[in-house]
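Notes follow the structure.
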Amino acid sequence: MRDISRRMATTAAMLAGTAVLLIQGAQAQEKINVTVLSGYTDRTAWIRHLKDFWMPEVNKRLAETGNYELNYLEAFGTVVQPRGEFDAIGNGIGNIGLVVTAFHTDKVPLSSVSYVTPFVTVDLALTSEVNDALTFSIPEMKQGWENFNLEFLGHMGAIKSYNVLSKEPIESLEDFEGIKVSGAGLNLRWLEGLGSTGVPTALPKFYQEVNSGVSDALVGWADVVGAFKLCEVAPHFLSADMGSVSNFALVANKSWFDGLPGEVQEAIRDVTPQYRDLLAEVTTEGDAKGRQACVDQGGTIHEISAEMRQDWADSLPNIAKEWAAAADANGLPGTDVLAAYMEMMREADQPIARQWDRE
C-alpha cells in the first residue's frame, strides 16, 4: 500500500509539474496587436488572400516556437479609401497593409518601373519577383519607403495584364480617337498618342464612371471583371496584352516594425514572398475566370493582333526614359533601375515590343 501511495504521489507531482509548465508556456506567449489596413475590401483577390493566407500563415510560423501570436484587427475598406493607405500606415493609423505604388509616384518613384515599361511582359510572377530583387539590391529604392516611416516588405501584383474595356468595340488604334478612358494614373500614359483623354480614378469608381458617361472605356484587368461587373457597362473587352505590373507593396509602419521582436520580423519577412507568389498564381488563374465572367455578363472578348500590339507600342513616346531622366534629375538612379529591369526581362526571354532602355 505504501508503494502504491508513493507511486500515486509521484505521478500526481509529475502531472502538477507538467500543468505548471503548460501554464507558464501559455503565459509566456505574447500577443501583439496588429491593425492590418487597406482601402479595399476582401471582395478583391489581394485582400482576400492577405486575410486568408498571409495573416494566418505568419501566426502558423510563430506557433513553431510559441513565443508570440499576432492579434489582427482588420481594417479593410473602412478606415481609409484607396490611396489613403500610404499616409495612414506611415502615421501609425495602421501597422501594416498594402499600398498601391501607382498612387504614390511622387514619393516612391522607383517602385513604378513596371508602370513605365508597357508591352514587355505578361508574366506577373516574374514582374513581382524582379521588382523585389531590385528593391532589396538598390539602396535608394528601399530608402524611398523609409523616408516616409515605412518598412518595405515586398512587391506583389494583382494584374496579369492590363486590357481595355469599352462601350463600343475597339478594332484599331484609330478607334481610341476622341474617347475618354478611366485608369489608375500611370497606366493612362500607355494611351498617349492615340487621341483619347485619360480620366484618373480608382477601381471602385470604374463601373459608375462608365455607366454615367464620365468615361467611354477603362484600362482594367480580367481578374476584377466578375467582382465589379465591369462588362455590364463596358461589354467590349480588348485583350491587349499591354503588360503586367507590380502594383502593390506590402509595407509596415517602420517605427512599429523596428520595435517588434526579431522572431516576429523574420516570420513576416519569410511569409511575404509566399503571399506574393500565391497572389500571382491566383491572379493568373483569375484572368481566365474574369474573361468568362465578362462573357457571362454579356460581353465580347476581342483578341488584339500582333501587328496592332506592336503598332501601339511603337506609337508611344519613350515614357520609360522620360521617367528615368526625371528620377536621375532628382538624384535617384532611374536610368540604372530601368536598365536592370529590362535586362532581367531580356534574360527571362519575355515578348518585349519596345527596348525602352536602349532607344
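Here, A, B, ... name the chains of the C-alpha cells in the order displayed, residue numbers run from 1 inside each chain, and ligands are numbered from 1 in the same displayed order.
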Residues at most 9 Å from stretch 346-353 of chain A, counting only C-alpha atoms, excluding those fewer than 5 positions away in the same chain, as a PyMOL selection string?
chain A and resi 118-123+126+309-310+313-314+341
A:Val130 environment, 12 Å, only C-alpha atoms, sequence neighbours closer than 2 positions dropped, as a PyMOL selection string
chain A and resi 111+113-114+121+123-128+132-138+154-157+245-246+273+276+337-338+340-348
Could you list, with a cut-off of 10 Å and counting only C-alpha atoms, the residues of stretch 242-294 of chain A near stretch 228-237 of chain A, each shown with its nearest atom pair and the distance in Å rounded to one decimal, rows sorted by chain and ascending number, as JSON lines?
{"residue": "A:Gly290", "atom": "CA", "partner": "A:Lys229", "partner_atom": "CA", "distance": 9.7}
{"residue": "A:Arg291", "atom": "CA", "partner": "A:Phe237", "partner_atom": "CA", "distance": 8.2}
{"residue": "A:Ala293", "atom": "CA", "partner": "A:Lys229", "partner_atom": "CA", "distance": 8.2}
{"residue": "A:Cys294", "atom": "CA", "partner": "A:Cys231", "partner_atom": "CA", "distance": 5.2}
Hey, what's within 8 Å of A:Phe176 if we count only C-alpha atoms and toss same-chain stuff fewer than 4 positions away? As a ChimeraX atom specification, please?
/A:170,172,194-196
Keeping C-alpha atoms, export the residues of the selection given above as a CSV table (one decimal), in the first residue's frame.
chain,number,residue,atom,x,y,z
A,170,ILE,CA,-12.1,48.9,-80.4
A,172,SER,CA,-8.0,49.5,-84.5
A,194,LEU,CA,-3.8,57.6,-79.5
A,195,GLY,CA,-6.1,60.7,-79.3
A,196,SER,CA,-8.0,59.6,-76.2
Please extract the residues of stretch 139-304 of chain A with a backbone DSSP assignment of strand (DSSP E or B) and present them as number ranges by chain.
A: 150-156, 159, 163-166, 180-183, 197-200, 217-220, 236-239, 245, 248-253, 300-303
Using N, CA and C atoms, can you write the selected residues to a file as a short mmCIF file (atom, residue, chain, number, x, y, z; two decimals), in the first residue's frame?
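After the write, result26.cif holds the following:
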data_model
loop_
_atom_site.label_atom_id
_atom_site.label_comp_id
_atom_site.auth_asym_id
_atom_site.auth_seq_id
_atom_site.Cartn_x
_atom_site.Cartn_y
_atom_site.Cartn_z
N LEU A 150 8.10 53.99 -43.49
CA LEU A 150 7.52 52.74 -43.96
C LEU A 150 8.61 51.68 -44.13
N GLU A 151 8.36 50.51 -43.63
CA GLU A 151 9.25 49.37 -43.80
C GLU A 151 8.76 48.57 -45.00
N PHE A 152 9.55 48.54 -46.06
CA PHE A 152 9.17 47.79 -47.25
C PHE A 152 9.34 46.30 -46.98
N LEU A 153 8.30 45.51 -47.31
CA LEU A 153 8.34 44.07 -47.08
C LEU A 153 8.33 43.28 -48.38
N GLY A 154 7.69 43.82 -49.40
CA GLY A 154 7.69 43.09 -50.67
C GLY A 154 6.72 43.68 -51.67
N HIS A 155 7.08 43.54 -52.94
CA HIS A 155 6.19 43.90 -54.04
C HIS A 155 5.31 42.70 -54.38
N MET A 156 4.12 42.98 -54.87
CA MET A 156 3.28 41.94 -55.41
C MET A 156 2.32 42.57 -56.41
N ILE A 159 -2.38 42.10 -61.23
CA ILE A 159 -2.76 42.42 -62.61
C ILE A 159 -1.87 41.61 -63.55
N ASN A 163 -5.77 45.54 -69.90
CA ASN A 163 -6.53 45.46 -71.13
C ASN A 163 -7.48 46.65 -71.16
N VAL A 164 -8.27 46.77 -72.20
CA VAL A 164 -9.20 47.89 -72.33
C VAL A 164 -10.62 47.35 -72.46
N LEU A 165 -11.51 47.84 -71.61
CA LEU A 165 -12.92 47.52 -71.68
C LEU A 165 -13.66 48.77 -72.13
N SER A 166 -14.54 48.64 -73.11
CA SER A 166 -15.17 49.83 -73.70
C SER A 166 -16.64 49.59 -74.02
N LYS A 180 -13.01 58.91 -73.94
CA LYS A 180 -12.49 59.14 -72.59
C LYS A 180 -12.29 57.79 -71.91
N VAL A 181 -11.12 57.64 -71.28
CA VAL A 181 -10.74 56.34 -70.72
C VAL A 181 -10.36 56.49 -69.25
N SER A 182 -11.03 55.75 -68.38
CA SER A 182 -10.69 55.77 -66.95
C SER A 182 -9.51 54.85 -66.68
N GLY A 183 -8.64 55.27 -65.78
CA GLY A 183 -7.49 54.46 -65.40
C GLY A 183 -6.93 54.91 -64.08
N THR A 197 -8.67 60.69 -74.15
CA THR A 197 -8.48 61.52 -72.96
C THR A 197 -8.52 60.64 -71.72
N GLY A 198 -7.48 60.69 -70.91
CA GLY A 198 -7.43 59.89 -69.69
C GLY A 198 -8.21 60.50 -68.56
N VAL A 199 -8.89 59.66 -67.79
CA VAL A 199 -9.66 60.10 -66.61
C VAL A 199 -9.08 59.38 -65.40
N PRO A 200 -8.20 60.03 -64.62
CA PRO A 200 -7.59 59.37 -63.46
C PRO A 200 -8.62 59.04 -62.39
N ALA A 217 -14.60 54.19 -71.72
CA ALA A 217 -13.83 52.94 -71.61
C ALA A 217 -12.99 53.00 -70.35
N LEU A 218 -12.32 51.89 -70.06
CA LEU A 218 -11.45 51.84 -68.89
C LEU A 218 -10.26 50.93 -69.16
N VAL A 219 -9.15 51.25 -68.55
CA VAL A 219 -7.99 50.37 -68.56
C VAL A 219 -8.11 49.47 -67.34
N GLY A 220 -8.40 48.20 -67.57
CA GLY A 220 -8.64 47.29 -66.46
C GLY A 220 -7.99 45.94 -66.68
N HIS A 236 -17.16 45.40 -74.29
CA HIS A 236 -16.17 45.02 -75.29
C HIS A 236 -14.78 44.98 -74.64
N PHE A 237 -14.29 43.75 -74.47
CA PHE A 237 -13.02 43.50 -73.77
C PHE A 237 -11.92 43.31 -74.82
N LEU A 238 -11.04 44.31 -74.94
CA LEU A 238 -9.92 44.21 -75.86
C LEU A 238 -8.75 43.57 -75.13
N SER A 239 -8.46 42.31 -75.48
CA SER A 239 -7.36 41.58 -74.86
C SER A 239 -6.06 42.08 -75.48
N VAL A 245 1.92 44.41 -64.12
CA VAL A 245 2.60 45.39 -63.27
C VAL A 245 2.64 44.89 -61.84
N PHE A 248 1.31 46.57 -56.12
CA PHE A 248 1.18 46.71 -54.67
C PHE A 248 2.53 46.55 -53.98
N ALA A 249 2.63 47.16 -52.83
CA ALA A 249 3.75 46.88 -51.92
C ALA A 249 3.15 46.63 -50.54
N LEU A 250 3.59 45.56 -49.91
CA LEU A 250 3.23 45.32 -48.52
C LEU A 250 4.23 46.06 -47.65
N VAL A 251 3.73 46.95 -46.82
CA VAL A 251 4.60 47.79 -46.00
C VAL A 251 4.09 47.80 -44.56
N ALA A 252 4.98 48.15 -43.65
CA ALA A 252 4.63 48.29 -42.25
C ALA A 252 5.07 49.66 -41.76
N ASN A 253 4.42 50.13 -40.73
CA ASN A 253 4.91 51.33 -40.06
C ASN A 253 6.30 51.01 -39.52
N THR A 300 -18.06 40.71 -74.91
CA THR A 300 -17.38 40.04 -76.00
C THR A 300 -15.87 40.25 -75.86
N ILE A 301 -15.09 39.17 -76.03
CA ILE A 301 -13.64 39.26 -75.96
C ILE A 301 -13.09 39.49 -77.37
N HIS A 302 -12.29 40.52 -77.53
CA HIS A 302 -11.64 40.82 -78.80
C HIS A 302 -10.14 40.65 -78.62
N GLU A 303 -9.53 39.73 -79.34
CA GLU A 303 -8.10 39.49 -79.23
C GLU A 303 -7.34 40.48 -80.12
#
A:Val36 environment, 6 Å, only C-alpha atoms, sequence neighbours closer than 3 positions dropped, as a PyMOL selection string
chain A and resi 74-75+96-97
Just-selected residues, N, CA and C atoms written as a PDB file, in the first residue's frame:
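Once everything was written out, this is out11.pdb:
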ATOM      1  N   GLU A  74      -8.761  43.807 -38.422  1.00  0.00           N
ATOM      2  CA  GLU A  74      -8.935  44.021 -39.852  1.00  0.00           C
ATOM      3  C   GLU A  74      -9.575  45.384 -40.106  1.00  0.00           C
ATOM      4  N   ALA A  75      -8.933  46.177 -40.940  1.00  0.00           N
ATOM      5  CA  ALA A  75      -9.457  47.491 -41.317  1.00  0.00           C
ATOM      6  C   ALA A  75      -9.465  47.571 -42.837  1.00  0.00           C
ATOM      7  N   ILE A  96       0.251  47.747 -40.634  1.00  0.00           N
ATOM      8  CA  ILE A  96       0.756  47.056 -41.820  1.00  0.00           C
ATOM      9  C   ILE A  96      -0.359  47.020 -42.862  1.00  0.00           C
ATOM     10  N   GLY A  97       0.017  46.992 -44.133  1.00  0.00           N
ATOM     11  CA  GLY A  97      -1.017  46.941 -45.160  1.00  0.00           C
ATOM     12  C   GLY A  97      -0.444  47.084 -46.552  1.00  0.00           C
TER      13      GLY A  97
END
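Of the residues under consideration (A:Val214, A:Ala240, A:Ala324, A:Ala158), A:Ala158 shows the shortest atom-to-atom contact distance to A:Leu278 when counting only C-alpha atoms.
Each of A:Trp323, A:Trp312, A:Phe257, A:Trp356 was checked against A:Glu174 using only C-alpha atoms; the smallest atom-to-atom distance is that of A:Trp312.
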All helix (DSSP H, G or I) positions in stretch 54-299 of chain A, as number ranges by chain
A: 54-62, 85-90, 101-104, 109-116, 124-137, 139-146, 173-176, 186-191, 203-212, 222-228, 230-232, 254-258, 262-296
Find the distance between atom CA of A:Leu191 and atom CA of A:Ser315 and write it in Å to one decimal.
9.1 Å
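Going from atom CA of A:Ser244 to atom CA of A:Thr35 covers 29.5 Å.
Taking only C-alpha atoms into account, A:Asp87 lies nearest to A:Lys107 out of the set A:Val225, A:His49, A:Met55, A:Lys107.
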